[in-house]
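**Student:** So that you have it, the file is run05.txt, and it contains compact mmCIF, C-alpha atoms:
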# COMPACT_ATOMS: atom_id res chain seq x y z
CA ALA A 1 -194.83 22.85 117.71
CA PHE A 2 -191.56 21.23 116.65
CA HIS A 3 -193.21 17.85 116.03
CA GLU A 4 -195.93 19.55 114.03
CA PHE A 5 -193.23 21.26 111.97
CA LEU A 6 -191.52 17.90 111.34
CA ARG A 7 -194.81 16.37 110.16
CA SER A 8 -194.94 19.05 107.46
CA GLY A 9 -192.07 17.28 105.67
CA PRO A 10 -189.32 19.93 105.83
CA LEU A 11 -186.38 17.51 106.01
CA VAL A 12 -184.49 15.96 103.12
CA GLY A 13 -183.74 12.38 104.20
CA ALA A 14 -184.00 10.83 107.62
CA PRO A 15 -182.51 12.73 110.55
CA SER A 16 -179.58 11.21 112.41
CA ALA A 17 -179.61 11.32 116.19
CA ALA A 18 -177.36 10.02 118.93
CA LEU A 19 -178.46 9.69 122.53
CA TRP A 20 -175.80 10.31 125.13
CA GLU A 21 -175.47 11.45 128.69
CA THR A 22 -173.17 14.20 129.82
CA LEU A 23 -170.24 12.80 131.78
CA PRO A 24 -170.63 13.19 135.56
CA ALA A 25 -167.24 14.94 135.70
CA SER A 26 -168.26 17.32 132.92
CA LEU A 27 -168.31 20.98 133.91
CA ALA A 28 -171.07 23.40 132.98
CA LEU A 29 -170.32 26.81 131.56
CA PRO A 30 -171.52 29.70 133.66
CA PRO A 31 -174.46 31.44 131.97
CA ARG A 32 -173.27 34.07 129.52
CA ALA A 33 -175.56 36.70 128.11
CA VAL A 34 -175.67 36.68 124.32
CA GLU A 35 -177.45 39.45 122.48
CA ASN A 36 -180.10 38.81 119.83
CA GLY A 37 -178.52 38.74 116.40
CA THR A 38 -175.26 37.17 117.62
CA ARG A 39 -173.93 34.46 115.30
CA VAL A 40 -173.18 31.27 117.24
CA HIS A 41 -170.61 28.87 115.77
CA CYS A 42 -171.25 25.25 116.78
CA LEU A 43 -169.62 21.89 116.35
CA ASN A 44 -170.74 18.38 117.14
CA VAL A 45 -168.03 15.73 117.22
CA ARG A 46 -168.20 11.92 117.46
CA LEU A 47 -165.04 10.24 118.74
CA ARG A 48 -164.44 6.49 118.91
CA VAL A 49 -161.67 6.01 121.46
CA ARG A 50 -159.34 3.00 121.61
CA PRO A 51 -160.30 1.16 124.83
CA GLU A 52 -156.73 1.22 126.12
CA ARG A 53 -156.65 5.03 125.68
CA ARG A 54 -159.95 5.74 127.45
CA ASP A 55 -158.49 7.11 130.69
CA ALA A 56 -155.97 9.30 128.84
CA PHE A 57 -158.78 10.54 126.56
CA LEU A 58 -160.97 11.49 129.51
CA ALA A 59 -158.12 13.35 131.20
CA ALA A 60 -157.25 15.22 127.99
CA ILE A 61 -160.78 16.22 126.98
CA LEU A 62 -161.81 17.24 130.49
CA ALA A 63 -158.67 19.42 130.73
CA ASP A 64 -159.56 21.08 127.41
CA GLN A 65 -163.10 21.64 128.61
CA ALA A 66 -161.94 23.08 131.95
CA GLY A 67 -159.54 25.47 130.20
CA THR A 68 -162.29 26.55 127.83
CA ILE A 69 -164.72 27.24 130.65
CA ARG A 70 -162.21 29.11 132.81
CA ALA A 71 -160.40 31.17 130.19
CA GLU A 72 -162.56 31.74 127.12
CA PRO A 73 -165.20 34.48 127.32
CA LEU A 74 -166.41 33.63 123.78
CA ALA A 75 -167.21 30.01 124.71
CA LEU A 76 -170.93 29.38 125.25
CA ALA A 77 -171.13 25.58 125.62
CA PHE A 78 -168.76 22.62 125.91
CA LEU A 79 -170.51 19.35 126.68
CA ILE A 80 -168.97 15.88 126.71
CA GLY A 81 -170.96 12.67 126.76
CA GLU A 82 -170.60 8.95 126.18
CA ASP A 83 -172.92 6.90 124.01
CA GLY A 84 -174.83 4.58 126.34
CA GLY A 85 -175.07 1.85 123.70
CA SER A 86 -171.52 2.02 122.33
CA PRO A 87 -168.74 2.03 124.94
CA ASN A 88 -165.83 4.36 124.21
CA THR A 89 -167.88 6.39 121.73
CA PHE A 90 -168.00 9.98 122.90
CA TYR A 91 -169.76 13.12 121.68
CA LEU A 92 -168.76 16.74 122.09
CA HIS A 93 -171.01 19.72 121.58
CA GLU A 94 -169.35 23.13 121.59
CA GLN A 95 -170.69 26.63 120.95
CA TYR A 96 -168.74 29.86 120.51
CA VAL A 97 -169.59 33.48 119.78
CA GLY A 98 -169.02 33.42 116.02
CA ALA A 99 -166.26 31.74 114.06
CA ALA A 100 -163.84 34.13 115.78
CA GLY A 101 -164.70 32.53 119.13
CA PHE A 102 -163.83 29.09 117.80
CA ALA A 103 -160.64 30.42 116.19
CA ALA A 104 -159.64 31.92 119.56
CA HIS A 105 -160.28 28.53 121.21
CA LYS A 106 -157.88 26.85 118.77
CA ARG A 107 -155.11 29.31 119.75
CA THR A 108 -155.17 28.45 123.48
CA ALA A 109 -152.59 26.40 125.39
CA HIS A 110 -155.24 23.94 126.62
CA PHE A 111 -156.36 23.29 123.02
CA ALA A 112 -152.70 22.76 121.98
CA ARG A 113 -152.41 20.06 124.65
CA TRP A 114 -155.67 18.49 123.38
CA GLN A 115 -154.35 18.60 119.80
CA ALA A 116 -151.11 16.89 120.90
CA PHE A 117 -153.23 14.12 122.42
CA VAL A 118 -155.27 13.83 119.20
CA ASP A 119 -152.04 13.60 117.21
CA SER A 120 -150.94 10.62 119.37
CA GLY A 121 -153.49 8.35 117.64
CA PRO A 122 -156.05 7.60 120.36
CA PHE A 123 -159.02 7.01 118.03
CA LEU A 124 -160.29 3.94 116.18
CA GLU A 125 -161.29 6.14 113.24
CA PRO A 126 -160.98 9.82 112.36
CA PRO A 127 -163.25 12.08 114.42
CA HIS A 128 -166.54 12.91 112.71
CA VAL A 129 -167.11 16.68 112.97
CA ASP A 130 -170.18 18.65 111.91
CA PHE A 131 -170.10 22.46 111.98
CA TYR A 132 -173.10 24.76 111.84
CA GLU A 133 -174.11 28.28 112.80
CA PHE A 134 -177.26 29.97 113.96
CA THR A 135 -178.28 33.48 114.90
CA MET A 136 -179.35 33.99 118.50
CA SER A 137 -182.91 35.22 118.83
CA SER A 138 -185.51 35.41 121.57
CA PRO A 139 -188.82 33.59 121.09
Could the structure of this file be written out as structure tokens, please?

**Tutor:**
Amino acid sequence: AFHEFLRSGPLVGAPSAALWETLPASLALPPRAVENGTRVHCLNVRLRVRPERRDAFLAAILADQAGTIRAEPLALAFLIGEDGGSPNTFYLHEQYVGAAGFAAHKRTAHFARWQAFVDSGPFLEPPHVDFYEFTMSSP
């Protein structure tokens, strides 16, 4: 059905897609029930890490992810993956219950440690961040 929808010409311009695999050390969020009508705040991030900072990056982002999963009831997804065709290019996909869920994430101690790492200049270029929202609904 999705491919049929795409053939109807609904998009403006060509879509952009990145293929990546979730890191083996990446943790999965436990399933959380979300009611129909709930606004979900999402972000997709592309990060190009300096090769010499790779290990420090992985430690920092996995710590942020672990803190999110353990301590944030408004977090719905936090995936980390590396681009198979571009070493040291990583992608994050995060979902929170509303903008308030993401705002709560940014007030945590684990996010503060992540932000301190970001501020240390580990990237080859500024992170590319896309935000979007959707409303949860059952098919």

**Student:** Between A:Leu6, A:Ala33, A:Leu47, A:Val12, which has the minimum distance to A:Asp83 (counting only C-alpha atoms)?

**Tutor:**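 The closest residue to A:Asp83 is A:Leu47.
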
**Student:** Report as a ChimeraX atom specification all protein, DNA and RNA residues lying within 9 Å of A:Pro87, evaluated on all atoms listed in the file, omitting residues in the same chain fewer than 3 positions from it.

**Tutor:** /A:48-49,51,82-84,90

**Student:** Save out the residues we just selected, C-alpha atoms, as an mmCIF file, keeping the file's coordinate frame.

**Tutor:**
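Output (again_29.cif):
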data_model
loop_
_atom_site.group_PDB
_atom_site.id
_atom_site.type_symbol
_atom_site.label_atom_id
_atom_site.label_comp_id
_atom_site.auth_asym_id
_atom_site.auth_seq_id
_atom_site.Cartn_x
_atom_site.Cartn_y
_atom_site.Cartn_z
ATOM 1 C CA ARG A 48 -164.440 6.490 118.910
ATOM 2 C CA VAL A 49 -161.670 6.010 121.460
ATOM 3 C CA PRO A 51 -160.300 1.160 124.830
ATOM 4 C CA GLU A 82 -170.600 8.950 126.180
ATOM 5 C CA ASP A 83 -172.920 6.900 124.010
ATOM 6 C CA GLY A 84 -174.830 4.580 126.340
ATOM 7 C CA PHE A 90 -168.000 9.980 122.900
#

**Student:** May I ask for the distance between atom CA of A:Leu19 and atom CA of A:Asp130, given in Å to one decimal place?

**Tutor:**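 Answer for the atom CA of A:Leu19 to atom CA of A:Asp130 separation: 16.2 Å.
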
**Student:** Using all atoms listed in the file, find the one residue out of A:Ala14, A:Asn44, A:Leu76, A:Thr22 that sits nearest to A:Met136.

**Tutor:** A:Leu76

**Student:** Taking (-167.0, 10.7, 114.9) in the file's coordinates, which residues come within 7 Å, counting only C-alpha atoms, written as a ChimeraX atom specification?

**Tutor:** /A:45-48,126-129

**Student:** Quick one: residues within 6 Å of stretch 93-103 of chain A, only C-alpha atoms counted, chain neighbours fewer than 2 positions away excluded, as a list of chain:residue names?

**Tutor:**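 Final neighbour list, sorted by chain and number: A:Arg39, A:Val40, A:His41, A:Cys42, A:Leu43, A:Asn44, A:Leu74, A:Ala75, A:Leu76, A:Ala77, A:Phe78, A:Leu79, A:His105, A:Lys106.
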
**Student:** Take the selection from the previous step and output its residues with C-alpha atoms, as a short mmCIF file (atom, residue, chain, number, x, y, z; two decimals), keeping the file's coordinate frame.

**Tutor:**
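Wrote out27.cif, looks like this:
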data_model
loop_
_atom_site.label_atom_id
_atom_site.label_comp_id
_atom_site.auth_asym_id
_atom_site.auth_seq_id
_atom_site.Cartn_x
_atom_site.Cartn_y
_atom_site.Cartn_z
CA ARG A 39 -173.93 34.46 115.30
CA VAL A 40 -173.18 31.27 117.24
CA HIS A 41 -170.61 28.87 115.77
CA CYS A 42 -171.25 25.25 116.78
CA LEU A 43 -169.62 21.89 116.35
CA ASN A 44 -170.74 18.38 117.14
CA LEU A 74 -166.41 33.63 123.78
CA ALA A 75 -167.21 30.01 124.71
CA LEU A 76 -170.93 29.38 125.25
CA ALA A 77 -171.13 25.58 125.62
CA PHE A 78 -168.76 22.62 125.91
CA LEU A 79 -170.51 19.35 126.68
CA HIS A 105 -160.28 28.53 121.21
CA LYS A 106 -157.88 26.85 118.77
#

**Student:** Counting only C-alpha atoms, which of A:His110, A:Ala17, A:Gly37, A:Asp55 gets nearest to A:Glu133?

**Tutor:**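 Closest residue, counting only C-alpha atoms: A:Gly37.
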
**Student:** Quick one: distance from atom CA of A:Ala116 to atom CA of A:Phe131 in Å, one decimal?

**Tutor:** 21.7 Å

**Student:** Have a look at atom CA of A:Ile80 and atom CA of A:Ala56 and let me know their distance in Å, one decimal.

**Tutor:**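 Answer for the atom CA of A:Ile80 to atom CA of A:Ala56 separation: 14.7 Å.
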
**Student:** May I have the protein, DNA and RNA residues with any atom at most 9 Å from the point (-156.3, 21.5, 123.1), counting all atoms listed in the file, written as a list in words?

**Tutor:**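 Collected hits near the coordinates: Ala60, Ile61, Ala63, Asp64, Gln65, Gly67, His105, Lys106, Arg107, Thr108, Ala109, His110, Phe111, Ala112, Arg113, Trp114, Gln115, Ala116, Phe117 and Val118 of chain A.
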
**Student:** Show which residues sit within 12 Å of A:Glu52, as a ChimeraX atom specification. Count all atoms listed in the file, and ignore same-chain residues fewer than 5 positions away.

**Tutor:** /A:57-58,88,121-124

**Student:** Ranking A:Tyr132, A:Tyr91, A:Ser138, A:Arg53 by minimum distance to A:Ser120 and counting all atoms listed in the file, which one comes first?

**Tutor:**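 Answer, going by the shortest atom-to-atom distance: A:Arg53.
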